[in-house]
Amino acid sequence: MYNAGKIIIGIIIFVGLVTFPFIFAGGKATAKPDPKIDTPEILKMPENERKCVESKSFMKKEHMQLLNDWRDWVVRDGNTIYTNAEGKTFNMSLQNTCMKCHSNKKKFCDECHNYTAVKPYCWDCHIAPKEKES
Amino acid sequence: MSINRREFLKMAGITTILGIGGVSAVQGVRNRVEASQASRAPEALTAKRWAMVVDMSKFKSEEDYQKCINACHLSHNVPHITDNPKHEIKWLWTETYEHAFPGNEDKYRAERFQHMPFLMLCNHCENPPCVRVCPTQATFKRKSDGIVMMDMHRCIGCRFCMAGCPYGARSFNYKDPRPYIDGSKENLEFPTRMKGVVEKCTLCYERLAKGLQPACVEVSNGALIFGDLEDPNSAVRKVLSERFTIRRKPELGTGTSVYYII
Ligand code: SF4
């Protein structure tokens with residue numbers, strides 16, 4: 001093999017560069033997000049009423065769409081009350097409804113958003129719940 | 001394998017049908033919410049066209065103005081920026097007679113009118129020029145009650161509306177407003193704004209939805225009168241039918257909804 005030394009060094013450097021992000025992250029980046037819903041506000045509710053505005057699977061998949069719709073209905077149409085599939089009503093407000101229960105933005109919102117590297121701009125304007133630095 | 005034209009068309013037809021079926025199956029899985037699920041709060045105050053009368057005779061001291069301005073600015077987290085007058089954010093503010101009603105000056109007019117501060121806010125015009133020039137419909141006239149609203153999510157900060165508004169009712173956030181909001185007095189129920197958006201008075205749409213009068217009206221001790229311009233029995237119409245009132249720059253045809261009793 002011609003230039004064996006150079007090629008082998010090259011390969012080592014290449015492999016090093018490619019695997020660097022994985023080694024550097026130490027497997028942490030792949031840790032699954034684990035959003036928490038154990039806020040005092042939620043725990044205070046009786047077990048059978050501990051439900052979000054829609055079902056858990058719907059909220060997981062569609063919360064962004066729901067928030068978009070809520071925004072348009074409130075800001076553009078002046079409608080502020082949302083009736084869910086079960087007929088229960090809610091005041092449509094990220095700051096005053098969602099975050100009153102989910103007062104743990106860091107462990108609830110950020111957990112998955114960081115994992116999936118999405119940066120919603122909600123908190124540029126909406127005031128996030130005051131959380132103790134932990 | 002070779003296929004003839006007929007076979008090709010058959011296959012294309014079948015795949016199209018499958019494709020359409022596939023799309024609707026996907027949409028079926030996405031259980032979207034419907035606009036019919038949204039409704040107005042029963043306690044909300046409603047009108048065809050909200051309007052305000054500013055009774056200047058009831059503003060006697062500096063404090064009378066400040067009371068209203070503070071109520072507004074605190075409930076909407078309006079930043080208090082003093083280091084550069086161009087960066088100032090104002091929803092409710094005062095202006096001299098000559099600035100408020102230009103073209104109407106008279107050097108022999110009583111001194112007290114020349115120097116009297118007039119309370120200013122967005123006029124929630126009937127034909128708002130700011131709305132016509134907005135390229136994203138971030139500012140729009142609400143059909144239900146005539147409020148000229150701001151959808152901050154859509155504002156791209158082009159400032160056309162500021163150029164379009166003949167009343168200087170709009171302020172631009174040249175910098176992040178948050179450091180200029182007193183954290184201890186922050187209203188945690190209302191958002192702030194971010195750098196790069198235009199803001200102005202929204203006639204307290206969030207309070208109206210809860211059945212409350214606008215914040216400035218509530219603290220004004222009757223100096224600000226609020227009501228439906230299209231309802232002949234409203235508080236506003238009563239005052240308008242009894243007292244002489246003027247509006248800012250009526251010659252522009254904007255149809256302002258804020259009236260002044262001098
Ligand atoms: S006063 Fe200015 S900002 Fe308000 S509606 Fe009229 S043009 Fe628009």
# chains A, B, ... in the order shown; residues from 1 in each chain; ligands from 1
>>> interface_residues(of="chain B", to="chain A", cutoff="9 Å", atoms="only C-alpha atoms", output="PyMOL selection string")
chain B and resi 30-41+140-144+149-153+178+188-195+205-206+209
>>> write_last_selection(atoms="N, CA and C atoms", output="compact mmCIF listing (two decimals), in the first residue's frame")
# COMPACT_ATOMS: atom_id res chain seq x y z
N ARG B 30 -56.00 12.74 12.31
CA ARG B 30 -55.78 14.03 12.97
C ARG B 30 -57.13 14.58 13.39
N ASN B 31 -57.50 14.41 14.67
CA ASN B 31 -58.79 14.94 15.08
C ASN B 31 -58.65 16.42 15.42
N ARG B 32 -58.80 17.25 14.41
CA ARG B 32 -58.62 18.69 14.58
C ARG B 32 -59.77 19.27 15.39
N VAL B 33 -59.48 20.42 16.03
CA VAL B 33 -60.56 21.11 16.73
C VAL B 33 -61.25 22.07 15.77
N GLU B 34 -62.48 22.43 16.08
CA GLU B 34 -63.29 23.23 15.17
C GLU B 34 -63.55 24.61 15.76
N ALA B 35 -63.71 25.58 14.86
CA ALA B 35 -63.98 26.94 15.32
C ALA B 35 -65.28 27.00 16.11
N SER B 36 -66.20 26.04 15.84
CA SER B 36 -67.47 26.06 16.55
C SER B 36 -67.29 25.76 18.03
N GLN B 37 -66.10 25.30 18.41
CA GLN B 37 -65.85 25.01 19.82
C GLN B 37 -65.49 26.28 20.60
N ALA B 38 -65.32 27.38 19.88
CA ALA B 38 -64.96 28.64 20.55
C ALA B 38 -66.19 29.53 20.66
N SER B 39 -66.35 30.15 21.82
CA SER B 39 -67.49 31.05 21.97
C SER B 39 -67.12 32.22 22.86
N ARG B 40 -67.95 33.22 22.83
CA ARG B 40 -67.74 34.41 23.63
C ARG B 40 -68.09 34.11 25.09
N ALA B 41 -67.37 34.72 26.00
CA ALA B 41 -67.72 34.54 27.41
C ALA B 41 -69.06 35.23 27.67
N PHE B 140 -55.64 44.86 12.52
CA PHE B 140 -56.88 44.67 11.78
C PHE B 140 -58.03 45.23 12.58
N LYS B 141 -59.11 45.52 11.89
CA LYS B 141 -60.29 46.04 12.58
C LYS B 141 -61.20 44.88 12.89
N ARG B 142 -61.46 44.69 14.19
CA ARG B 142 -62.30 43.57 14.58
C ARG B 142 -63.72 43.82 14.13
N LYS B 143 -64.28 42.89 13.36
CA LYS B 143 -65.62 43.08 12.81
C LYS B 143 -66.65 43.16 13.91
N SER B 144 -66.44 42.39 14.96
CA SER B 144 -67.47 42.29 15.98
C SER B 144 -67.68 43.59 16.75
N MET B 149 -57.26 46.04 16.42
CA MET B 149 -56.48 45.10 17.22
C MET B 149 -55.07 44.92 16.68
N MET B 150 -54.24 44.35 17.53
CA MET B 150 -52.88 43.98 17.14
C MET B 150 -52.73 42.48 17.36
N ASP B 151 -52.29 41.76 16.33
CA ASP B 151 -51.91 40.37 16.52
C ASP B 151 -50.39 40.34 16.52
N MET B 152 -49.84 40.35 17.74
CA MET B 152 -48.38 40.48 17.87
C MET B 152 -47.64 39.34 17.20
N HIS B 153 -48.32 38.18 17.09
CA HIS B 153 -47.65 37.03 16.48
C HIS B 153 -47.35 37.28 15.02
N ARG B 178 -38.49 44.08 27.99
CA ARG B 178 -38.60 43.45 29.31
C ARG B 178 -37.77 44.10 30.41
N LEU B 188 -48.93 39.53 35.64
CA LEU B 188 -48.59 38.18 35.19
C LEU B 188 -49.69 37.56 34.33
N GLU B 189 -50.81 38.26 34.20
CA GLU B 189 -51.90 37.71 33.39
C GLU B 189 -51.86 38.22 31.96
N PHE B 190 -50.97 39.15 31.67
CA PHE B 190 -50.91 39.74 30.34
C PHE B 190 -49.50 39.58 29.80
N PRO B 191 -49.36 39.36 28.49
CA PRO B 191 -48.00 39.20 27.95
C PRO B 191 -47.24 40.52 27.90
N THR B 192 -45.96 40.44 27.63
CA THR B 192 -45.20 41.64 27.28
C THR B 192 -45.11 41.66 25.76
N ARG B 193 -44.30 42.53 25.21
CA ARG B 193 -44.00 42.46 23.78
C ARG B 193 -42.53 42.12 23.65
N MET B 194 -42.08 41.91 22.40
CA MET B 194 -40.67 41.64 22.18
C MET B 194 -40.08 42.71 21.29
N LYS B 195 -38.77 42.68 21.17
CA LYS B 195 -38.09 43.64 20.31
C LYS B 195 -38.60 43.48 18.87
N TYR B 205 -59.23 44.87 25.20
CA TYR B 205 -60.05 43.76 24.71
C TYR B 205 -60.10 42.62 25.73
N GLU B 206 -58.98 42.46 26.47
CA GLU B 206 -58.91 41.34 27.43
C GLU B 206 -59.81 41.60 28.64
N ALA B 209 -63.58 41.22 27.50
CA ALA B 209 -63.96 39.81 27.42
C ALA B 209 -64.36 39.27 28.78
>>> residues_near_ligand(ligand="ligand 1", cutoff="6 Å", atoms="only C-alpha atoms and all ligand atoms", output="PyMOL selection string")
chain B and resi 122-125+128-130+148+165-167+169-170
>>> write_last_selection(atoms="N, CA, C and O atoms", output="PDB file, in the first residue's frame")
ATOM      1  N   CYS B 122     -55.083  55.534  20.979  1.00  0.00           N
ATOM      2  CA  CYS B 122     -55.476  55.126  19.633  1.00  0.00           C
ATOM      3  C   CYS B 122     -56.957  55.427  19.482  1.00  0.00           C
ATOM      4  O   CYS B 122     -57.751  55.159  20.372  1.00  0.00           O
ATOM      5  N   ASN B 123     -57.333  55.999  18.336  1.00  0.00           N
ATOM      6  CA  ASN B 123     -58.719  56.422  18.125  1.00  0.00           C
ATOM      7  C   ASN B 123     -59.639  55.296  17.632  1.00  0.00           C
ATOM      8  O   ASN B 123     -60.814  55.529  17.419  1.00  0.00           O
ATOM      9  N   HIS B 124     -59.092  54.137  17.420  1.00  0.00           N
ATOM     10  CA  HIS B 124     -59.882  53.008  16.900  1.00  0.00           C
ATOM     11  C   HIS B 124     -60.783  53.477  15.760  1.00  0.00           C
ATOM     12  O   HIS B 124     -62.008  53.359  15.802  1.00  0.00           O
ATOM     13  N   CYS B 125     -60.102  54.036  14.750  1.00  0.00           N
ATOM     14  CA  CYS B 125     -60.763  54.688  13.620  1.00  0.00           C
ATOM     15  C   CYS B 125     -61.738  53.759  12.892  1.00  0.00           C
ATOM     16  O   CYS B 125     -61.559  52.543  12.859  1.00  0.00           O
ATOM     17  N   PRO B 128     -59.432  52.825   9.453  1.00  0.00           N
ATOM     18  CA  PRO B 128     -58.066  52.990   9.971  1.00  0.00           C
ATOM     19  C   PRO B 128     -56.992  52.880   8.893  1.00  0.00           C
ATOM     20  O   PRO B 128     -56.852  51.821   8.278  1.00  0.00           O
ATOM     21  N   PRO B 129     -56.252  53.947   8.650  1.00  0.00           N
ATOM     22  CA  PRO B 129     -55.167  53.880   7.660  1.00  0.00           C
ATOM     23  C   PRO B 129     -54.089  52.879   8.059  1.00  0.00           C
ATOM     24  O   PRO B 129     -53.469  52.255   7.197  1.00  0.00           O
ATOM     25  N   CYS B 130     -53.882  52.684   9.362  1.00  0.00           N
ATOM     26  CA  CYS B 130     -52.865  51.730   9.810  1.00  0.00           C
ATOM     27  C   CYS B 130     -53.187  50.327   9.314  1.00  0.00           C
ATOM     28  O   CYS B 130     -52.305  49.560   8.945  1.00  0.00           O
ATOM     29  N   VAL B 148     -59.548  48.310  16.824  1.00  0.00           N
ATOM     30  CA  VAL B 148     -58.400  48.098  15.941  1.00  0.00           C
ATOM     31  C   VAL B 148     -57.374  47.321  16.743  1.00  0.00           C
ATOM     32  O   VAL B 148     -56.762  47.835  17.663  1.00  0.00           O
ATOM     33  N   CYS B 165     -50.507  55.963  10.528  1.00  0.00           N
ATOM     34  CA  CYS B 165     -51.372  56.548  11.556  1.00  0.00           C
ATOM     35  C   CYS B 165     -51.138  58.044  11.661  1.00  0.00           C
ATOM     36  O   CYS B 165     -50.028  58.477  11.934  1.00  0.00           O
ATOM     37  N   PRO B 166     -52.172  58.864  11.452  1.00  0.00           N
ATOM     38  CA  PRO B 166     -51.986  60.313  11.522  1.00  0.00           C
ATOM     39  C   PRO B 166     -52.003  60.837  12.958  1.00  0.00           C
ATOM     40  O   PRO B 166     -51.937  62.044  13.161  1.00  0.00           O
ATOM     41  N   TYR B 167     -52.109  59.974  13.933  1.00  0.00           N
ATOM     42  CA  TYR B 167     -52.283  60.420  15.309  1.00  0.00           C
ATOM     43  C   TYR B 167     -51.126  60.021  16.226  1.00  0.00           C
ATOM     44  O   TYR B 167     -51.192  60.226  17.435  1.00  0.00           O
ATOM     45  N   ALA B 169     -50.293  57.194  17.291  1.00  0.00           N
ATOM     46  CA  ALA B 169     -50.791  56.321  18.358  1.00  0.00           C
ATOM     47  C   ALA B 169     -49.972  55.057  18.534  1.00  0.00           C
ATOM     48  O   ALA B 169     -50.266  54.260  19.409  1.00  0.00           O
ATOM     49  N   ARG B 170     -48.944  54.882  17.691  1.00  0.00           N
ATOM     50  CA  ARG B 170     -48.230  53.600  17.718  1.00  0.00           C
ATOM     51  C   ARG B 170     -46.778  53.765  18.129  1.00  0.00           C
ATOM     52  O   ARG B 170     -46.143  54.738  17.752  1.00  0.00           O
TER      53      ARG B 170
END
>>> select_by_dssp(residues="range 23-118 of chain A", states="strand (DSSP E)", output="ChimeraX atom specification")
/A:81-83,89-91
>>> write_last_selection(atoms="all heavy atoms", output="PDB file, in the first residue's frame")
ATOM      1  N   ILE A  81     -63.817  31.491  25.088  1.00  0.00           N
ATOM      2  CA  ILE A  81     -64.185  30.256  25.781  1.00  0.00           C
ATOM      3  C   ILE A  81     -64.094  29.060  24.828  1.00  0.00           C
ATOM      4  O   ILE A  81     -64.619  29.105  23.721  1.00  0.00           O
ATOM      5  CB  ILE A  81     -65.621  30.350  26.346  1.00  0.00           C
ATOM      6  CG1 ILE A  81     -65.757  31.561  27.272  1.00  0.00           C
ATOM      7  CG2 ILE A  81     -66.007  29.065  27.064  1.00  0.00           C
ATOM      8  CD1 ILE A  81     -64.933  31.503  28.526  1.00  0.00           C
ATOM      9  N   TYR A  82     -63.414  28.017  25.285  1.00  0.00           N
ATOM     10  CA  TYR A  82     -63.252  26.804  24.495  1.00  0.00           C
ATOM     11  C   TYR A  82     -64.060  25.677  25.121  1.00  0.00           C
ATOM     12  O   TYR A  82     -64.005  25.466  26.324  1.00  0.00           O
ATOM     13  CB  TYR A  82     -61.770  26.414  24.459  1.00  0.00           C
ATOM     14  CG  TYR A  82     -61.476  25.129  23.734  1.00  0.00           C
ATOM     15  CD1 TYR A  82     -61.530  25.071  22.344  1.00  0.00           C
ATOM     16  CD2 TYR A  82     -61.139  23.971  24.431  1.00  0.00           C
ATOM     17  CE1 TYR A  82     -61.258  23.900  21.663  1.00  0.00           C
ATOM     18  CE2 TYR A  82     -60.865  22.794  23.765  1.00  0.00           C
ATOM     19  CZ  TYR A  82     -60.919  22.756  22.375  1.00  0.00           C
ATOM     20  OH  TYR A  82     -60.649  21.589  21.703  1.00  0.00           O
ATOM     21  N   THR A  83     -64.836  24.989  24.295  1.00  0.00           N
ATOM     22  CA  THR A  83     -65.604  23.842  24.780  1.00  0.00           C
ATOM     23  C   THR A  83     -64.936  22.582  24.249  1.00  0.00           C
ATOM     24  O   THR A  83     -64.809  22.423  23.039  1.00  0.00           O
ATOM     25  CB  THR A  83     -67.057  23.913  24.279  1.00  0.00           C
ATOM     26  OG1 THR A  83     -67.549  25.221  24.536  1.00  0.00           O
ATOM     27  CG2 THR A  83     -67.923  22.894  24.976  1.00  0.00           C
ATOM     28  N   THR A  89     -65.752  23.625  29.641  1.00  0.00           N
ATOM     29  CA  THR A  89     -65.300  24.888  29.051  1.00  0.00           C
ATOM     30  C   THR A  89     -64.028  25.393  29.731  1.00  0.00           C
ATOM     31  O   THR A  89     -63.803  25.172  30.917  1.00  0.00           O
ATOM     32  CB  THR A  89     -66.385  25.975  29.163  1.00  0.00           C
ATOM     33  OG1 THR A  89     -66.745  26.102  30.530  1.00  0.00           O
ATOM     34  CG2 THR A  89     -67.597  25.646  28.338  1.00  0.00           C
ATOM     35  N   PHE A  90     -63.226  26.070  28.928  1.00  0.00           N
ATOM     36  CA  PHE A  90     -61.956  26.620  29.404  1.00  0.00           C
ATOM     37  C   PHE A  90     -61.766  28.012  28.825  1.00  0.00           C
ATOM     38  O   PHE A  90     -62.226  28.301  27.720  1.00  0.00           O
ATOM     39  CB  PHE A  90     -60.781  25.745  28.954  1.00  0.00           C
ATOM     40  CG  PHE A  90     -60.803  24.352  29.507  1.00  0.00           C
ATOM     41  CD1 PHE A  90     -61.450  23.334  28.818  1.00  0.00           C
ATOM     42  CD2 PHE A  90     -60.199  24.070  30.712  1.00  0.00           C
ATOM     43  CE1 PHE A  90     -61.484  22.049  29.319  1.00  0.00           C
ATOM     44  CE2 PHE A  90     -60.220  22.787  31.226  1.00  0.00           C
ATOM     45  CZ  PHE A  90     -60.863  21.777  30.537  1.00  0.00           C
ATOM     46  N   ASN A  91     -61.057  28.844  29.582  1.00  0.00           N
ATOM     47  CA  ASN A  91     -60.651  30.143  29.071  1.00  0.00           C
ATOM     48  C   ASN A  91     -59.431  29.912  28.187  1.00  0.00           C
ATOM     49  O   ASN A  91     -58.451  29.336  28.630  1.00  0.00           O
ATOM     50  CB  ASN A  91     -60.314  31.042  30.273  1.00  0.00           C
ATOM     51  CG  ASN A  91     -59.885  32.411  29.847  1.00  0.00           C
ATOM     52  OD1 ASN A  91     -60.225  32.877  28.758  1.00  0.00           O
ATOM     53  ND2 ASN A  91     -59.111  33.062  30.696  1.00  0.00           N
TER      54      ASN A  91
END
>>> residues_around(residues="Pro179 in chain B", least_positions_apart="3", cutoff="8 Å", atoms="only C-alpha atoms", output="list in words")
Pro79, Asp176 and Asp182 of chain B
>>> residues_around(residues="Met56 in chain B", least_positions_apart="2", cutoff="10 Å", atoms="only C-alpha atoms", output="PyMOL selection string")
chain B and resi 53-54+58-60+116-119+223-224+260-262
>>> write_last_selection(atoms="N, CA, C and O atoms", output="compact mmCIF listing (two decimals), in the first residue's frame")
# COMPACT_ATOMS: atom_id res chain seq x y z
N VAL B 53 -65.37 58.99 25.24
CA VAL B 53 -65.42 60.45 25.34
C VAL B 53 -64.48 60.85 26.46
O VAL B 53 -64.54 60.30 27.56
N VAL B 54 -63.58 61.80 26.16
CA VAL B 54 -62.65 62.30 27.17
C VAL B 54 -63.18 63.65 27.63
O VAL B 54 -63.24 64.60 26.85
N LYS B 58 -62.84 67.40 33.59
CA LYS B 58 -62.67 66.60 34.81
C LYS B 58 -61.20 66.27 35.10
O LYS B 58 -60.90 65.67 36.12
N PHE B 59 -60.32 66.67 34.18
CA PHE B 59 -58.89 66.46 34.46
C PHE B 59 -58.34 67.74 35.06
O PHE B 59 -58.15 68.74 34.37
N LYS B 60 -58.13 67.73 36.37
CA LYS B 60 -57.76 68.97 37.05
C LYS B 60 -56.29 69.03 37.39
O LYS B 60 -55.67 70.07 37.34
N MET B 116 -52.87 73.15 28.34
CA MET B 116 -53.55 72.02 28.95
C MET B 116 -53.13 70.71 28.26
O MET B 116 -53.14 70.62 27.05
N PRO B 117 -52.73 69.70 29.03
CA PRO B 117 -52.40 68.43 28.38
C PRO B 117 -53.68 67.68 28.01
O PRO B 117 -54.62 67.61 28.81
N PHE B 118 -53.74 67.16 26.82
CA PHE B 118 -54.89 66.38 26.38
C PHE B 118 -54.53 64.90 26.41
O PHE B 118 -53.45 64.52 25.99
N LEU B 119 -55.47 64.10 26.90
CA LEU B 119 -55.20 62.66 26.99
C LEU B 119 -55.39 62.02 25.62
O LEU B 119 -56.44 62.21 24.99
N ALA B 223 -64.28 60.77 34.17
CA ALA B 223 -63.68 61.66 33.19
C ALA B 223 -63.58 61.01 31.82
O ALA B 223 -63.55 61.68 30.79
N LEU B 224 -63.55 59.70 31.81
CA LEU B 224 -63.56 58.95 30.55
C LEU B 224 -64.88 58.19 30.48
O LEU B 224 -65.23 57.47 31.41
N TYR B 260 -63.65 64.50 22.39
CA TYR B 260 -63.14 65.35 23.48
C TYR B 260 -64.16 66.42 23.83
O TYR B 260 -64.67 67.12 22.95
N ILE B 261 -64.44 66.55 25.14
CA ILE B 261 -65.21 67.68 25.64
C ILE B 261 -64.17 68.63 26.20
O ILE B 261 -63.38 68.25 27.07
N ILE B 262 -64.12 69.87 25.68
CA ILE B 262 -63.08 70.79 26.14
C ILE B 262 -63.58 71.55 27.37
O ILE B 262 -64.67 72.09 27.36
>>> residues_around(residues="range 40-45 of chain A", least_positions_apart="2", cutoff="10 Å", atoms="only C-alpha atoms", output="compact mmCIF listing (two decimals) with all heavy atoms, in the first residue's frame")
# COMPACT_ATOMS: atom_id res chain seq x y z
N ILE A 37 -45.58 16.07 34.94
CA ILE A 37 -46.86 16.74 35.17
C ILE A 37 -47.21 16.70 36.66
O ILE A 37 -48.37 16.66 37.05
CB ILE A 37 -48.01 16.12 34.34
CG1 ILE A 37 -47.98 14.60 34.47
CG2 ILE A 37 -47.92 16.51 32.90
CD1 ILE A 37 -49.25 13.95 33.97
N ASP A 38 -46.14 16.74 37.49
CA ASP A 38 -46.38 16.61 38.93
C ASP A 38 -46.34 17.96 39.65
O ASP A 38 -45.78 18.09 40.72
CB ASP A 38 -45.34 15.67 39.54
CG ASP A 38 -43.92 16.14 39.25
OD1 ASP A 38 -43.80 17.11 38.48
OD2 ASP A 38 -42.97 15.55 39.77
N GLU A 47 -58.09 12.99 41.65
CA GLU A 47 -57.56 12.08 40.63
C GLU A 47 -58.39 12.04 39.35
O GLU A 47 -57.87 12.10 38.25
CB GLU A 47 -57.49 10.67 41.25
CG GLU A 47 -56.58 9.71 40.51
CD GLU A 47 -55.18 9.71 41.08
OE1 GLU A 47 -55.02 9.74 42.31
OE2 GLU A 47 -54.24 9.67 40.27
N ASN A 48 -59.73 11.95 39.50
CA ASN A 48 -60.56 11.76 38.31
C ASN A 48 -60.77 13.04 37.50
O ASN A 48 -61.32 13.02 36.42
CB ASN A 48 -61.92 11.15 38.69
CG ASN A 48 -62.61 11.95 39.77
OD1 ASN A 48 -62.03 12.91 40.30
ND2 ASN A 48 -63.83 11.58 40.11
N GLU A 49 -60.33 14.17 38.05
CA GLU A 49 -60.47 15.42 37.29
C GLU A 49 -59.15 15.85 36.68
O GLU A 49 -59.04 16.90 36.08
CB GLU A 49 -60.97 16.55 38.20
CG GLU A 49 -62.47 16.52 38.39
CD GLU A 49 -62.91 17.51 39.43
OE1 GLU A 49 -62.26 18.58 39.54
OE2 GLU A 49 -63.88 17.22 40.14
N ARG A 50 -58.12 15.02 36.89
CA ARG A 50 -56.79 15.39 36.42
C ARG A 50 -56.68 15.19 34.92
O ARG A 50 -56.06 14.24 34.46
CB ARG A 50 -55.75 14.56 37.15
CG ARG A 50 -54.85 15.41 38.03
CD ARG A 50 -53.90 14.53 38.77
NE ARG A 50 -54.20 14.55 40.19
CZ ARG A 50 -53.64 13.73 41.06
NH1 ARG A 50 -52.78 12.82 40.65
NH2 ARG A 50 -53.96 13.82 42.33
N LYS A 51 -57.34 16.08 34.16
CA LYS A 51 -57.32 15.93 32.71
C LYS A 51 -56.99 17.26 32.08
O LYS A 51 -57.43 18.30 32.55
CB LYS A 51 -58.71 15.50 32.23
CG LYS A 51 -58.92 14.03 32.26
CD LYS A 51 -60.25 13.71 31.60
CE LYS A 51 -60.78 12.38 32.09
NZ LYS A 51 -62.23 12.36 32.15
N CYS A 52 -56.27 17.19 30.97
CA CYS A 52 -55.96 18.42 30.24
C CYS A 52 -57.20 18.82 29.44
O CYS A 52 -58.23 18.15 29.50
CB CYS A 52 -54.77 18.18 29.33
SG CYS A 52 -53.99 19.71 28.79
N MET A 99 -50.54 27.41 31.61
CA MET A 99 -49.40 27.50 32.53
C MET A 99 -49.82 27.58 33.99
O MET A 99 -48.99 27.49 34.87
CB MET A 99 -48.50 28.67 32.15
CG MET A 99 -47.98 28.63 30.73
SD MET A 99 -47.42 27.01 30.15
CE MET A 99 -45.82 26.91 30.92
N LYS A 100 -51.13 27.75 34.25
CA LYS A 100 -51.58 27.72 35.65
C LYS A 100 -51.43 26.30 36.19
O LYS A 100 -51.01 26.11 37.33
CB LYS A 100 -53.04 28.19 35.75
CG LYS A 100 -53.18 29.69 35.69
CD LYS A 100 -52.94 30.38 37.03
CE LYS A 100 -52.15 31.68 36.89
NZ LYS A 100 -52.89 32.76 36.25
N CYS A 101 -51.75 25.29 35.36
CA CYS A 101 -51.52 23.91 35.79
C CYS A 101 -50.07 23.52 35.55
O CYS A 101 -49.39 23.01 36.42
CB CYS A 101 -52.43 22.96 35.03
SG CYS A 101 -54.13 22.97 35.60
N HIS A 102 -49.62 23.76 34.32
CA HIS A 102 -48.25 23.36 33.97
C HIS A 102 -47.29 24.46 34.39
O HIS A 102 -46.67 25.12 33.55
CB HIS A 102 -48.16 23.08 32.47
CG HIS A 102 -49.03 21.95 32.04
ND1 HIS A 102 -48.78 20.65 32.40
CD2 HIS A 102 -50.16 21.92 31.30
CE1 HIS A 102 -49.72 19.87 31.89
NE2 HIS A 102 -50.58 20.62 31.23
N SER A 103 -47.15 24.63 35.69
CA SER A 103 -46.33 25.73 36.19
C SER A 103 -44.85 25.38 36.13
O SER A 103 -44.02 26.12 36.61
CB SER A 103 -46.74 26.08 37.61
OG SER A 103 -46.68 24.91 38.40
N ASN A 104 -44.54 24.23 35.57
CA ASN A 104 -43.15 23.79 35.47
C ASN A 104 -42.69 23.82 34.02
O ASN A 104 -42.44 22.79 33.41
CB ASN A 104 -43.01 22.37 36.03
CG ASN A 104 -43.95 21.40 35.34
OD1 ASN A 104 -44.92 21.81 34.70
ND2 ASN A 104 -43.67 20.11 35.45
>>> atom_distance(atom1="CA of Ser61 in chain B", atom2="CA of Arg248 in chain B")
22.6 Å
>>> closest_residue(among="B:Ala235, B:Val131, B:Ile147, B:Val198", to="Arg49 in chain B", atoms="only C-alpha atoms")
B:Ile147
>>> residues_around(residues="Ile89 in chain B", least_positions_apart="5", cutoff="12 Å", atoms="only C-alpha atoms", output="number ranges by chain")
B: 69, 73, 76-84, 121, 168-177, 180-181, 193, 195, 197-201
>>> closest_residue(among="B:Gln137, B:Asn127, B:Thr254, B:Ser220", to="Asp64 in chain B", atoms="only C-alpha atoms")
B:Ser220
>>> residues_around(residues="Ala31 in chain A", least_positions_apart="6", cutoff="12 Å", atoms="only C-alpha atoms", output="count of residues only")
6
>>> atom_distance(atom1="CA of Lys48 in chain B", atom2="CA of Leu229 in chain B")
7.4 Å
>>> atom_distance(atom1="CA of Gly211 in chain B", atom2="CA of Lys88 in chain A")
20.9 Å
>>> closest_residue(among="B:Asn187, B:Gln114, B:Asn233, B:Asn104", to="Ile246 in chain B", atoms="only C-alpha atoms")
B:Asn104
>>> closest_residue(among="A:Lys119, A:Lys132, A:Lys56, A:His63", to="Cys98 in chain A", atoms="only C-alpha atoms")
A:His63
>>> select_by_dssp(residues="range 141-184 of chain B", states="helix (DSSP H, G or I)", output="list in words")
Phe160, Cys161, Met162, Ala163, Gly164, Arg178, Pro179 and Tyr180 of chain B
>>> write_last_selection(atoms="N, CA, C and O atoms", output="JSON list (two decimals), in the first residue's frame")
[["chain", "number", "residue", "atom", "x", "y", "z"],
["B", 160, "PHE", "N", -45.00, 50.29, 8.82],
["B", 160, "PHE", "CA", -45.87, 51.01, 7.88],
["B", 160, "PHE", "C", -47.03, 51.65, 8.65],
["B", 160, "PHE", "O", -47.45, 52.75, 8.35],
["B", 161, "CYS", "N", -47.56, 50.91, 9.64],
["B", 161, "CYS", "CA", -48.71, 51.41, 10.39],
["B", 161, "CYS", "C", -48.37, 52.70, 11.12],
["B", 161, "CYS", "O", -49.22, 53.58, 11.26],
["B", 162, "MET", "N", -47.11, 52.80, 11.58],
["B", 162, "MET", "CA", -46.72, 54.01, 12.30],
["B", 162, "MET", "C", -46.69, 55.19, 11.34],
["B", 162, "MET", "O", -47.06, 56.31, 11.68],
["B", 163, "ALA", "N", -46.24, 54.91, 10.11],
["B", 163, "ALA", "CA", -46.23, 55.97, 9.10],
["B", 163, "ALA", "C", -47.66, 56.28, 8.69],
["B", 163, "ALA", "O", -48.00, 57.43, 8.40],
["B", 164, "GLY", "N", -48.52, 55.27, 8.69],
["B", 164, "GLY", "CA", -49.89, 55.46, 8.24],
["B", 164, "GLY", "C", -50.77, 56.17, 9.25],
["B", 164, "GLY", "O", -51.67, 56.92, 8.89],
["B", 178, "ARG", "N", -38.49, 44.08, 27.99],
["B", 178, "ARG", "CA", -38.60, 43.45, 29.31],
["B", 178, "ARG", "C", -37.77, 44.10, 30.41],
["B", 178, "ARG", "O", -38.28, 44.28, 31.51],
["B", 179, "PRO", "N", -36.52, 44.49, 30.14],
["B", 179, "PRO", "CA", -35.75, 45.12, 31.22],
["B", 179, "PRO", "C", -36.37, 46.43, 31.71],
["B", 179, "PRO", "O", -36.02, 46.91, 32.78],
["B", 180, "TYR", "N", -37.29, 47.00, 30.95],
["B", 180, "TYR", "CA", -37.88, 48.29, 31.33],
["B", 180, "TYR", "C", -39.24, 48.12, 32.01],
["B", 180, "TYR", "O", -39.97, 49.08, 32.18]]
